[in-house]
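File shown here: work-v6.tsv, holding TSV, C-alpha atoms.
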```
chain	number	residue	atom	x	y	z
H	685	MET	CA	0.00	0.00	0.00
H	686	SER	CA	1.26	3.48	-0.75
H	687	PHE	CA	0.73	6.65	1.25
H	688	ALA	CA	0.59	10.32	0.42
H	689	VAL	CA	3.00	11.64	3.02
H	690	THR	CA	6.50	12.73	2.02
H	691	GLY	CA	9.17	10.36	3.23
H	692	LEU	CA	6.79	7.53	4.02
H	693	ASP	CA	7.60	4.52	1.87
H	694	ASP	CA	5.10	1.90	0.86
H	695	LEU	CA	4.02	-0.15	3.85
H	696	GLU	CA	3.78	-3.89	3.99
H	697	PRO	CA	0.44	-5.35	5.10
H	698	GLY	CA	0.60	-5.71	8.87
H	699	ALA	CA	2.54	-2.49	9.48
H	700	ASN	CA	1.55	0.00	12.16
H	701	VAL	CA	2.31	3.72	11.96
H	702	LEU	CA	2.26	6.23	14.81
H	703	VAL	CA	1.24	9.78	13.95
H	704	LEU	CA	2.62	11.90	16.76
H	705	GLY	CA	2.38	15.58	17.58
H	706	SER	CA	0.72	18.22	19.68
H	707	SER	CA	-1.65	19.65	17.08
H	708	ALA	CA	-4.94	17.76	17.16
H	709	GLU	CA	-5.95	19.21	13.80
H	710	GLY	CA	-2.66	18.34	12.18
H	711	LEU	CA	-2.78	14.78	13.49
H	712	ARG	CA	-6.23	14.29	12.08
H	713	ALA	CA	-5.30	15.78	8.70
H	714	VAL	CA	-2.38	13.38	8.39
H	715	GLY	CA	-4.37	10.42	9.74
H	716	LEU	CA	-7.21	10.94	7.27
H	717	ARG	CA	-4.82	11.36	4.40
H	718	LEU	CA	-3.32	7.98	5.27
H	719	LEU	CA	-6.75	6.41	5.62
H	720	VAL	CA	-7.81	7.38	2.10
H	721	SER	CA	-7.07	4.41	-0.11
H	722	ASP	CA	-5.44	4.52	-3.51
H	723	GLY	CA	-5.88	0.85	-4.24
H	724	GLY	CA	-9.44	0.09	-3.24
H	725	GLU	CA	-8.61	-1.24	0.23
H	726	GLN	CA	-11.28	-1.25	2.90
H	727	ALA	CA	-11.13	1.55	5.46
H	728	LEU	CA	-12.07	1.46	9.13
H	729	LEU	CA	-12.29	4.51	11.39
H	730	ILE	CA	-12.15	3.90	15.14
H	731	GLU	CA	-13.31	7.14	16.76
H	732	THR	CA	-12.83	7.64	20.49
H	733	ALA	CA	-13.89	11.30	20.83
H	734	THR	CA	-17.27	12.89	20.22
H	735	ASP	CA	-16.57	14.65	16.92
H	736	LEU	CA	-17.36	11.83	14.49
H	737	GLU	CA	-19.40	14.20	12.25
H	738	ALA	CA	-16.44	16.47	11.59
H	739	VAL	CA	-14.05	13.58	10.95
H	740	VAL	CA	-16.45	11.80	8.62
H	741	GLU	CA	-17.19	15.00	6.72
H	742	GLU	CA	-13.49	15.62	6.19
H	743	TYR	CA	-12.99	12.03	5.05
H	744	GLY	CA	-15.88	12.38	2.57
H	745	ARG	CA	-14.36	15.57	1.22
H	746	MET	CA	-10.99	13.88	0.71
H	747	ALA	CA	-12.07	10.42	-0.45
H	748	GLY	CA	-15.38	11.13	-2.16
H	749	GLU	CA	-18.95	10.14	-1.47
H	750	LYS	CA	-18.57	6.62	-2.82
H	751	ALA	CA	-15.65	5.85	-0.47
H	752	LEU	CA	-17.62	7.37	2.39
H	753	GLY	CA	-20.41	4.88	1.73
H	754	THR	CA	-18.01	1.97	2.22
H	755	LEU	CA	-16.26	3.39	5.29
H	756	SER	CA	-16.61	1.19	8.35
H	757	VAL	CA	-16.85	2.97	11.71
H	758	ILE	CA	-16.45	1.91	15.31
H	759	ASP	CA	-17.69	4.78	17.45
H	760	CYS	CA	-16.62	4.57	21.10
H	761	THR	CA	-18.77	7.37	22.50
H	762	GLY	CA	-22.17	5.66	22.75
H	763	ARG	CA	-23.74	7.98	20.16
H	764	GLU	CA	-27.31	7.37	19.03
H	765	ASP	CA	-27.25	8.86	15.53
H	766	LEU	CA	-24.71	8.28	12.81
H	767	PRO	CA	-23.46	11.12	10.60
H	768	PRO	CA	-24.97	11.39	7.10
H	769	GLY	CA	-23.36	9.25	4.42
H	770	ILE	CA	-22.39	6.42	6.80
H	771	ASP	CA	-23.89	3.01	6.08
H	772	SER	CA	-25.38	1.85	9.39
H	773	GLU	CA	-24.62	-1.76	8.45
H	774	LEU	CA	-20.93	-0.87	8.58
H	775	ALA	CA	-21.05	0.99	11.90
H	776	THR	CA	-20.73	-0.30	15.44
H	777	VAL	CA	-21.29	1.86	18.50
H	778	ILE	CA	-19.82	1.01	21.87
H	779	ASP	CA	-20.26	2.91	25.12
H	780	SER	CA	-16.78	4.08	25.92
H	781	PRO	CA	-13.19	3.71	24.72
H	782	SER	CA	-12.47	2.11	28.09
H	783	SER	CA	-14.68	-0.86	27.11
H	784	LEU	CA	-11.65	-2.55	25.63
H	785	THR	CA	-13.25	-5.97	25.20
H	786	ASP	CA	-16.21	-4.49	23.31
H	787	LEU	CA	-13.77	-2.63	21.10
H	788	GLY	CA	-11.87	-5.87	20.50
H	789	MET	CA	-15.11	-7.71	19.64
H	790	ALA	CA	-16.13	-4.97	17.21
H	791	PHE	CA	-12.74	-5.21	15.53
H	792	VAL	CA	-13.00	-9.00	15.22
H	793	ALA	CA	-16.49	-8.57	13.73
H	794	TYR	CA	-15.09	-6.06	11.23
H	795	GLY	CA	-12.50	-8.65	10.17
H	796	ASP	CA	-15.20	-11.31	9.75
H	797	LYS	CA	-17.33	-9.02	7.63
H	798	HIS	CA	-14.46	-8.21	5.29
H	799	ALA	CA	-12.82	-11.63	5.33
H	800	ASP	CA	-12.53	-11.64	1.55
H	801	ALA	CA	-10.60	-8.37	1.52
H	802	THR	CA	-7.81	-8.93	4.02
H	803	GLU	CA	-5.96	-5.69	3.37
H	804	SER	CA	-7.47	-2.64	4.91
H	805	ARG	CA	-6.52	0.64	6.49
H	806	VAL	CA	-7.45	1.20	10.10
H	807	LEU	CA	-7.34	4.67	11.68
H	808	PHE	CA	-7.34	4.79	15.47
H	809	ASP	CA	-8.41	8.35	16.39
H	810	ALA	CA	-6.96	8.66	18.98
H	811	VAL	CA	-4.76	6.86	21.47
H	812	SER	CA	-4.53	10.11	23.45
H	813	ASP	CA	-8.25	9.95	24.28
H	814	LEU	CA	-7.61	6.74	26.21
H	815	PHE	CA	-5.58	8.73	28.76
H	816	ASP	CA	-8.85	10.21	30.07
H	817	HIS	CA	-10.02	6.70	30.97
H	818	LEU	CA	-7.10	4.35	31.59
H	819	ASP	CA	-3.65	4.37	33.18
H	820	ASP	CA	-0.44	4.45	31.12
H	821	GLU	CA	0.37	0.77	31.55
H	822	ARG	CA	-3.10	-0.40	30.57
H	823	ILE	CA	-2.99	1.77	27.44
H	824	PHE	CA	0.42	0.45	26.46
H	825	GLU	CA	-0.70	-3.16	26.85
H	826	PHE	CA	-3.88	-2.56	24.91
H	827	VAL	CA	-2.06	-0.89	22.03
H	828	GLU	CA	0.55	-3.68	22.02
H	829	ALA	CA	-2.14	-6.36	21.67
H	830	PHE	CA	-4.15	-4.39	19.11
H	831	VAL	CA	-1.07	-3.62	17.03
H	832	GLY	CA	-0.36	-7.37	17.11
H	833	ARG	CA	-3.86	-8.12	15.84
H	834	ILE	CA	-3.46	-5.66	12.97
H	835	HIS	CA	-0.07	-7.19	12.20
H	836	ALA	CA	-1.47	-10.73	12.15
H	837	SER	CA	-4.48	-9.68	10.05
H	838	GLY	CA	-2.42	-7.96	7.36
H	839	HIS	CA	-4.08	-4.57	7.76
H	840	VAL	CA	-2.22	-1.28	8.05
H	841	GLY	CA	-2.80	0.51	11.37
H	842	ILE	CA	-2.62	4.31	11.64
H	843	TRP	CA	-2.56	5.52	15.24
H	844	LEU	CA	-2.93	9.16	16.30
H	845	LEU	CA	-1.26	10.28	19.51
H	846	ASP	CA	-1.41	13.79	20.91
H	847	SER	CA	1.87	13.99	22.80
H	848	ASP	CA	0.70	16.85	25.06
H	849	ARG	CA	-2.21	14.85	26.34
H	850	ALA	CA	-0.26	11.62	26.81
H	851	GLY	CA	2.79	13.11	28.52
H	852	GLU	CA	6.43	12.57	27.65
H	853	HIS	CA	6.94	9.45	29.76
H	854	ALA	CA	3.98	7.66	28.19
H	855	VAL	CA	4.93	8.56	24.61
H	856	SER	CA	8.43	7.08	24.74
H	857	PRO	CA	7.32	3.45	25.46
H	858	LEU	CA	4.44	3.67	22.96
H	859	ARG	CA	6.76	4.72	20.12
H	860	GLU	CA	8.53	1.36	20.38
H	861	LEU	CA	5.41	-0.51	19.24
H	862	PHE	CA	5.39	1.00	15.73
H	863	GLU	CA	7.30	0.34	12.52
H	864	GLU	CA	7.10	3.99	11.51
H	865	VAL	CA	6.65	7.25	13.38
H	866	ILE	CA	5.38	10.35	11.57
H	867	GLU	CA	5.87	13.53	13.56
H	868	VAL	CA	3.44	16.36	12.93
H	869	ARG	CA	3.68	20.07	13.79
H	870	GLU	CA	2.04	23.31	12.79
H	871	GLY	CA	4.56	25.23	10.67
H	872	SER	CA	4.34	28.93	9.92
H	873	ALA	CA	2.20	28.37	6.81
H	874	SER	CA	0.80	24.88	7.08
H	875	THR	CA	0.89	21.53	8.84
H	876	GLU	CA	4.30	19.91	8.47
H	877	THR	CA	5.49	16.32	8.83
H	878	ARG	CA	8.71	14.40	9.11
H	879	VAL	CA	9.21	10.66	9.00
H	880	GLY	CA	11.60	8.33	10.78
H	881	GLY	CA	13.67	10.93	12.62
H	882	ASP	CA	14.50	13.00	9.53
H	883	GLU	CA	15.91	16.42	10.28
H	884	ASP	CA	13.77	18.33	7.82
H	885	TRP	CA	10.09	19.06	8.05
H	886	THR	CA	7.95	18.93	4.90
H	887	PRO	CA	4.69	20.81	4.41
H	888	LEU	CA	1.63	18.62	4.03
H	889	ASP	CA	0.33	19.97	0.72
H	890	GLY	CA	-3.22	20.66	-0.18
B	600	MET	CA	6.25	-21.67	37.68
B	601	SER	CA	10.00	-21.59	37.22
B	602	ASP	CA	11.67	-22.87	34.07
B	603	SER	CA	12.90	-26.08	35.64
B	604	GLU	CA	9.59	-27.17	37.14
B	605	ALA	CA	6.82	-28.84	35.18
B	606	ALA	CA	3.68	-26.73	34.74
B	607	ILE	CA	0.70	-27.79	36.85
B	608	VAL	CA	-2.40	-28.74	34.87
B	609	LEU	CA	-5.69	-29.30	36.69
B	610	ILE	CA	-8.23	-31.46	34.85
B	611	VAL	CA	-11.83	-31.05	35.98
B	612	ASP	CA	-14.37	-33.60	34.71
B	613	ASP	CA	-17.11	-35.67	36.31
B	614	GLU	CA	-16.33	-38.61	34.00
B	615	LYS	CA	-13.51	-40.63	35.50
B	616	ASP	CA	-12.69	-42.27	32.14
B	617	VAL	CA	-12.03	-38.87	30.60
B	618	LEU	CA	-9.81	-37.88	33.52
B	619	GLU	CA	-7.78	-41.04	33.08
B	620	VAL	CA	-7.27	-40.58	29.34
B	621	PHE	CA	-6.20	-36.97	29.77
B	622	ARG	CA	-3.94	-37.88	32.67
B	623	ARG	CA	-2.17	-40.59	30.67
B	624	TRP	CA	-1.63	-38.17	27.77
B	625	LEU	CA	-0.29	-35.34	29.88
B	626	GLU	CA	1.49	-36.75	32.90
B	627	GLU	CA	4.83	-37.20	31.22
B	628	GLU	CA	5.15	-33.52	30.50
B	629	TYR	CA	3.14	-31.78	33.19
B	630	GLU	CA	2.29	-32.19	36.83
B	631	VAL	CA	-1.29	-33.39	36.45
B	632	HIS	CA	-3.91	-32.78	39.14
B	633	THR	CA	-7.56	-33.86	38.87
B	634	ALA	CA	-10.94	-32.95	40.34
B	635	THR	CA	-14.27	-34.65	39.69
B	636	ASP	CA	-16.56	-31.71	40.44
B	637	GLY	CA	-16.59	-27.91	40.56
B	638	ALA	CA	-16.41	-27.54	44.33
B	639	GLU	CA	-13.37	-29.80	44.52
B	640	ALA	CA	-11.75	-27.88	41.67
B	641	LEU	CA	-12.20	-24.53	43.41
B	642	ALA	CA	-10.84	-25.83	46.70
B	643	HIS	CA	-7.87	-27.23	44.82
B	644	LEU	CA	-7.23	-23.99	42.95
B	645	GLU	CA	-7.16	-21.94	46.12
B	646	GLU	CA	-4.52	-24.16	47.65
B	647	ASN	CA	-2.30	-24.91	44.66
B	648	ASP	CA	-0.41	-22.79	42.17
B	649	VAL	CA	-2.14	-24.18	39.07
B	650	ASP	CA	-0.99	-22.93	35.64
B	651	VAL	CA	-3.70	-24.31	33.36
B	652	VAL	CA	-7.21	-25.65	34.07
B	653	LEU	CA	-9.04	-27.93	31.64
B	654	LEU	CA	-12.59	-27.32	32.72
B	655	ASP	CA	-15.49	-29.49	31.57
B	656	ARG	CA	-18.41	-27.22	30.83
B	657	ARG	CA	-21.21	-29.61	31.66
B	658	MET	CA	-21.02	-31.18	35.11
B	659	PRO	CA	-23.57	-32.00	37.79
B	660	GLY	CA	-23.45	-29.63	40.78
B	661	LEU	CA	-21.43	-26.53	39.93
B	662	THR	CA	-21.21	-26.25	36.13
B	663	GLY	CA	-18.02	-25.30	34.33
B	664	ASP	CA	-19.48	-21.83	33.69
B	665	GLU	CA	-20.06	-21.31	37.42
B	666	VAL	CA	-16.57	-22.50	38.31
B	667	LEU	CA	-15.14	-20.10	35.72
B	668	GLU	CA	-17.14	-17.24	37.21
B	669	ARG	CA	-15.72	-18.02	40.66
B	670	ILE	CA	-12.18	-18.23	39.26
B	671	ASN	CA	-12.59	-14.77	37.76
B	672	GLU	CA	-14.19	-13.32	40.89
B	673	LEU	CA	-11.37	-14.65	43.04
B	674	GLY	CA	-8.85	-13.28	40.51
B	675	LEU	CA	-6.98	-16.59	40.44
B	676	ASP	CA	-3.87	-16.47	38.31
B	677	CYS	CA	-4.42	-19.46	36.02
B	678	LYS	CA	-5.37	-19.92	32.38
B	679	VAL	CA	-8.65	-21.73	31.73
B	680	ALA	CA	-9.54	-23.88	28.72
B	681	MET	CA	-13.22	-24.79	28.59
B	682	VAL	CA	-13.88	-28.34	27.42
B	683	THR	CA	-17.20	-28.26	25.57
B	684	ALA	CA	-19.36	-30.58	23.50
B	685	VAL	CA	-19.95	-27.98	20.77
B	686	GLU	CA	-17.90	-25.09	19.45
B	687	PRO	CA	-19.00	-22.07	21.51
B	688	ASP	CA	-20.21	-18.80	20.06
B	689	LEU	CA	-17.62	-16.04	20.24
B	690	ASP	CA	-19.95	-13.88	22.33
B	691	ILE	CA	-19.38	-16.08	25.34
B	692	ILE	CA	-15.74	-15.03	25.37
B	693	GLN	CA	-17.14	-12.39	27.74
B	694	MET	CA	-17.36	-15.19	30.28
B	695	GLY	CA	-13.63	-14.91	30.66
B	696	PHE	CA	-12.08	-18.18	29.52
B	697	ASP	CA	-8.80	-18.26	27.64
B	698	ALA	CA	-9.34	-21.08	25.14
B	699	TYR	CA	-11.76	-23.87	24.40
B	700	VAL	CA	-11.36	-27.51	23.51
B	701	VAL	CA	-14.13	-29.34	21.65
B	702	LYS	CA	-14.85	-32.87	22.91
B	703	PRO	CA	-13.42	-35.33	22.24
B	704	PRO	CA	-10.01	-33.67	21.82
B	705	SER	CA	-7.07	-35.35	20.14
B	706	TYR	CA	-3.81	-35.77	22.04
B	707	GLU	CA	-2.17	-33.21	19.74
B	708	GLY	CA	-5.04	-30.76	20.09
B	709	LEU	CA	-5.02	-30.89	23.87
B	710	ARG	CA	-1.27	-30.57	24.12
B	711	ASN	CA	-1.20	-27.64	21.69
B	712	THR	CA	-3.87	-25.84	23.70
B	713	ILE	CA	-1.92	-26.24	26.93
B	714	GLU	CA	1.36	-25.14	25.35
B	715	ASP	CA	-0.38	-22.16	23.81
B	716	LEU	CA	-1.84	-21.09	27.15
B	717	LEU	CA	1.52	-21.42	28.90
B	718	GLU	CA	3.11	-19.31	26.18
B	719	ARG	CA	0.44	-16.65	26.53
B	720	ARG	CA	1.00	-16.52	30.25
B	721	GLN	CA	4.61	-15.79	29.61
B	722	TYR	CA	3.71	-13.32	26.88
B	723	SER	CA	1.64	-11.18	29.24
B	724	GLU	CA	4.49	-11.20	31.78
B	725	HIS	CA	6.86	-10.07	29.04
B	726	ARG	CA	4.49	-7.35	27.94
B	727	GLN	CA	4.29	-5.97	31.46
B	728	GLU	CA	8.04	-6.10	31.92
B	729	TYR	CA	8.58	-4.44	28.54
B	730	TRP	CA	6.39	-1.51	29.56
B	731	SER	CA	8.05	-1.09	32.90
B	732	LEU	CA	11.57	-1.16	31.42
B	733	LEU	CA	10.66	1.25	28.61
B	734	SER	CA	9.20	3.61	31.22
B	735	LYS	CA	12.35	3.31	33.28
B	736	ARG	CA	14.43	4.07	30.19
B	737	ALA	CA	12.33	7.16	29.49
B	738	VAL	CA	12.97	8.46	33.01
B	739	LEU	CA	16.71	7.75	32.83
B	740	GLU	CA	17.02	9.43	29.45
B	741	SER	CA	15.25	12.53	30.66
B	742	GLU	CA	17.40	12.82	33.77
B	743	ALA	CA	20.91	11.86	32.65
B	744	SER	CA	23.16	13.21	29.89
B	745	ALA	CA	24.14	11.08	26.89
B	746	THR	CA	27.67	10.75	28.31
B	747	GLU	CA	26.41	9.61	31.68
B	748	LEU	CA	24.13	7.07	30.01
B	749	ALA	CA	26.93	5.72	27.81
B	750	GLN	CA	28.99	5.05	30.94
B	751	SER	CA	26.18	3.58	32.96
B	752	GLU	CA	26.30	-0.19	33.18
B	753	GLU	CA	22.73	-0.28	34.47
B	754	TYR	CA	21.52	1.61	31.40
B	755	GLN	CA	23.38	-0.71	29.02
B	756	GLU	CA	21.89	-3.76	30.73
B	757	LEU	CA	18.46	-2.17	30.49
B	758	LEU	CA	18.85	-1.64	26.73
B	759	LYS	CA	19.88	-5.27	26.25
B	760	ARG	CA	16.90	-6.59	28.18
B	761	ILE	CA	14.54	-4.26	26.26
B	762	GLU	CA	15.91	-5.51	22.96
B	763	MET	CA	15.45	-9.13	24.05
B	764	LEU	CA	11.85	-8.51	25.13
B	765	ALA	CA	11.07	-6.70	21.88
B	766	ILE	CA	12.16	-9.77	19.93
B	767	LYS	CA	10.08	-12.11	22.09
B	768	LEU	CA	6.99	-9.91	21.84
B	769	GLY	CA	7.47	-9.58	18.08
B	770	GLU	CA	7.43	-13.36	17.77
B	771	ALA	CA	4.19	-13.56	19.77
B	772	ARG	CA	2.35	-11.08	17.54
B	773	ASP	CA	1.17	-13.69	15.08
B	774	HIS	CA	-0.84	-15.39	17.83
B	775	MET	CA	-3.11	-12.36	17.93
B	776	GLY	CA	-4.59	-13.51	14.62
B	777	ASP	CA	-6.57	-16.09	16.60
B	778	ASP	CA	-9.88	-14.56	17.74
B	779	VAL	CA	-10.04	-16.22	21.16
B	780	THR	CA	-6.40	-15.42	21.92
B	781	PHE	CA	-6.83	-11.78	20.93
B	782	LEU	CA	-10.10	-11.27	22.80
B	783	SER	CA	-9.06	-13.02	25.99
B	784	THR	CA	-5.82	-11.00	25.98
B	785	ILE	CA	-7.77	-7.75	25.64
B	786	GLN	CA	-10.13	-8.88	28.36
B	787	ASP	CA	-7.23	-9.62	30.72
B	788	ILE	CA	-5.86	-6.15	30.05
B	789	GLU	CA	-9.23	-4.51	30.69
B	790	GLY	CA	-9.62	-6.52	33.89
B	791	GLY	CA	-6.17	-5.36	35.02
```

Using structure tokens, write down the structure from this file.
Amino acid sequence: MSFAVTGLDDLEPGANVLVLGSSAEGLRAVGLRLLVSDGGEQALLIETATDLEAVVEEYGRMAGEKALGTLSVIDCTGREDLPPGIDSELATVIDSPSSLTDLGMAFVAYGDKHADATESRVLFDAVSDLFDHLDDERIFEFVEAFVGRIHASGHVGIWLLDSDRAGEHAVSPLRELFEEVIEVREGSASTETRVGGDEDWTPLDG
Amino acid sequence: MSDSEAAIVLIVDDEKDVLEVFRRWLEEEYEVHTATDGAEALAHLEENDVDVVLLDRRMPGLTGDEVLERINELGLDCKVAMVTAVEPDLDIIQMGFDAYVVKPPSYEGLRNTIEDLLERRQYSEHRQEYWSLLSKRAVLESEASATELAQSEEYQELLKRIEMLAIKLGEARDHMGDDVTFLSTIQDIEGG
């Protein structure tokens, strides 16, 4: 699978990428860009905060209405109504991101539903939200197991982490669980990224 | 369980013939204990450091499901494989077992299940240790200079151990492709 972020090479199925920074907007822009498929892969959005409408709208704008209609969603905020354009058959709602087992079950069900298309892109928006509900160790262990599941299933996992909300000492262990780390910051003119410890930042165009 | 000692496997079944077959299959490799009903199994578990329980689901008196519930309530540190007549629906993973074995199991099937559960036990210990060492590294790196770290034997040992654990955890990742393994792992993490 290929990805529209400068410096990020094609990823093998099973890879997990951490998108790290302190700009929530920038993280989401990069995460959505990675979620948009260029090769017809399935896409799954796991949303842990309450702004599913805004995220879905942005995805629709970037990927088109047709792609929006095939987007699978796991909402972890117990919402009652789904945003327009989302196929309710492809959406699962669970009460809280701290209901880890329910989240795991929903992810297994997603895999069963798309068993014929093993490769898909999974956006976890966002690990940082878990810090409102769970302690650092629990979050690390959960991400480790979930990253393993994505690895074994041959998906590509895209994980957003707001470093300000997680705290420096929680970020450092989490980084170790990922094949690639994309750092994100707000530059003077636009959102900028750098991959794999590069020195130079590149603007995220368009 | 230390490396040199055999793992303890408790077989719980009301049918004595089944107990005997399982015992004969397993006793060469594991320390095999048996119980013929749920109450006996629970009493045994509270007194012994059991690694794996093979728990028959359908028994007179306390059923396997009820024994499992007690095991989880008591927070006993053992892995449980339910032995069932039919393949269970995935929803009942919420009950908190770690694997299931469909009756009648083959020798290979039973042995693989036990080995898998022992491996997973070790895997969760490694995962916890990995986190605690990475956290320790983060603290050291924020407090000491690069020169100090380069000269610190403790830090070098820490890096070696972290690297070793990363390899072991990487090898275990493929197991997460199995639904029951993945879900029971997540459930253990949620339960703390």

TODO: May I ask you to extract the residues of chain B within 7 Å of chain H, using only C-alpha atoms, and to give them as a PyMOL selection string?
DONE: chain B and resi 726+730+733-734+737-738+772-773+775-776+778+781-782+785-786+788-789

Residue contacts of Glu864 in chain H (10 Å, only C-alpha atoms) excluding same-chain residues fewer than 2 positions away, as an mmCIF file with C-alpha atoms, in the frame of the given file:
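Written file, result_8.cif:
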```cif
data_model
loop_
_atom_site.group_PDB
_atom_site.id
_atom_site.type_symbol
_atom_site.label_atom_id
_atom_site.label_comp_id
_atom_site.auth_asym_id
_atom_site.auth_seq_id
_atom_site.Cartn_x
_atom_site.Cartn_y
_atom_site.Cartn_z
ATOM 1 C CA LEU H 692 6.790 7.530 4.020
ATOM 2 C CA ASP H 693 7.600 4.520 1.870
ATOM 3 C CA LEU H 695 4.020 -0.150 3.850
ATOM 4 C CA ALA H 699 2.540 -2.490 9.480
ATOM 5 C CA ASN H 700 1.550 0.000 12.160
ATOM 6 C CA VAL H 701 2.310 3.720 11.960
ATOM 7 C CA LEU H 702 2.260 6.230 14.810
ATOM 8 C CA VAL H 703 1.240 9.780 13.950
ATOM 9 C CA ILE H 842 -2.620 4.310 11.640
ATOM 10 C CA ARG H 859 6.760 4.720 20.120
ATOM 11 C CA GLU H 860 8.530 1.360 20.380
ATOM 12 C CA LEU H 861 5.410 -0.510 19.240
ATOM 13 C CA PHE H 862 5.390 1.000 15.730
ATOM 14 C CA ILE H 866 5.380 10.350 11.570
ATOM 15 C CA GLU H 867 5.870 13.530 13.560
ATOM 16 C CA VAL H 879 9.210 10.660 9.000
ATOM 17 C CA GLY H 880 11.600 8.330 10.780
ATOM 18 C CA GLY H 881 13.670 10.930 12.620
#
```

- [ ] For CA of Val651 in chain B and CA of Cys677 in chain B, determine how far apart the two atoms are, in Å to one decimal place.
- [x] 5.6 Å

Open item on the list: Applying 8 Å and all atoms listed in the file, which residues near Asp636 in chain B remain after dropping the ones on its own chain fewer than 3 positions away? List them as a PyMOL selection string.
Closed with: chain B and resi 611-613+639-640+658-661

Open item on the list: Which residues are close to Leu653 in chain B, i.e. within 7 Å by only C-alpha atoms, leaving aside same-chain residues fewer than 6 positions away? Reply as a count of residues only.
Closed with: 7

- [ ] Rounded to one decimal place, report the CA of Phe687 in chain H-CA of Ala765 in chain B distance in Å.
- [x] 26.7 Å

Open item on the list: Between CA of Ser707 in chain H and CA of Asp735 in chain H, what is the distance in Å, rounded to a tenth?
Closed with: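 For CA of Ser707 in chain H relative to CA of Asp735 in chain H, the distance reads 15.7 Å.
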
Open item on the list: Residues near Tyr706 in chain B, anyone? I mean within 9 Å using all atoms listed in the file, not counting same-chain ones fewer than 6 positions away, as a list in words.
Closed with: Phe621, Trp624 and Leu625 of chain B

Based on the selection just made, write C-alpha atoms of those residues as a CSV table (one decimal), in the frame of the given file.
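And here's part28.csv as it stands now:
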```
chain,number,residue,atom,x,y,z
B,621,PHE,CA,-6.2,-37.0,29.8
B,624,TRP,CA,-1.6,-38.2,27.8
B,625,LEU,CA,-0.3,-35.3,29.9
```
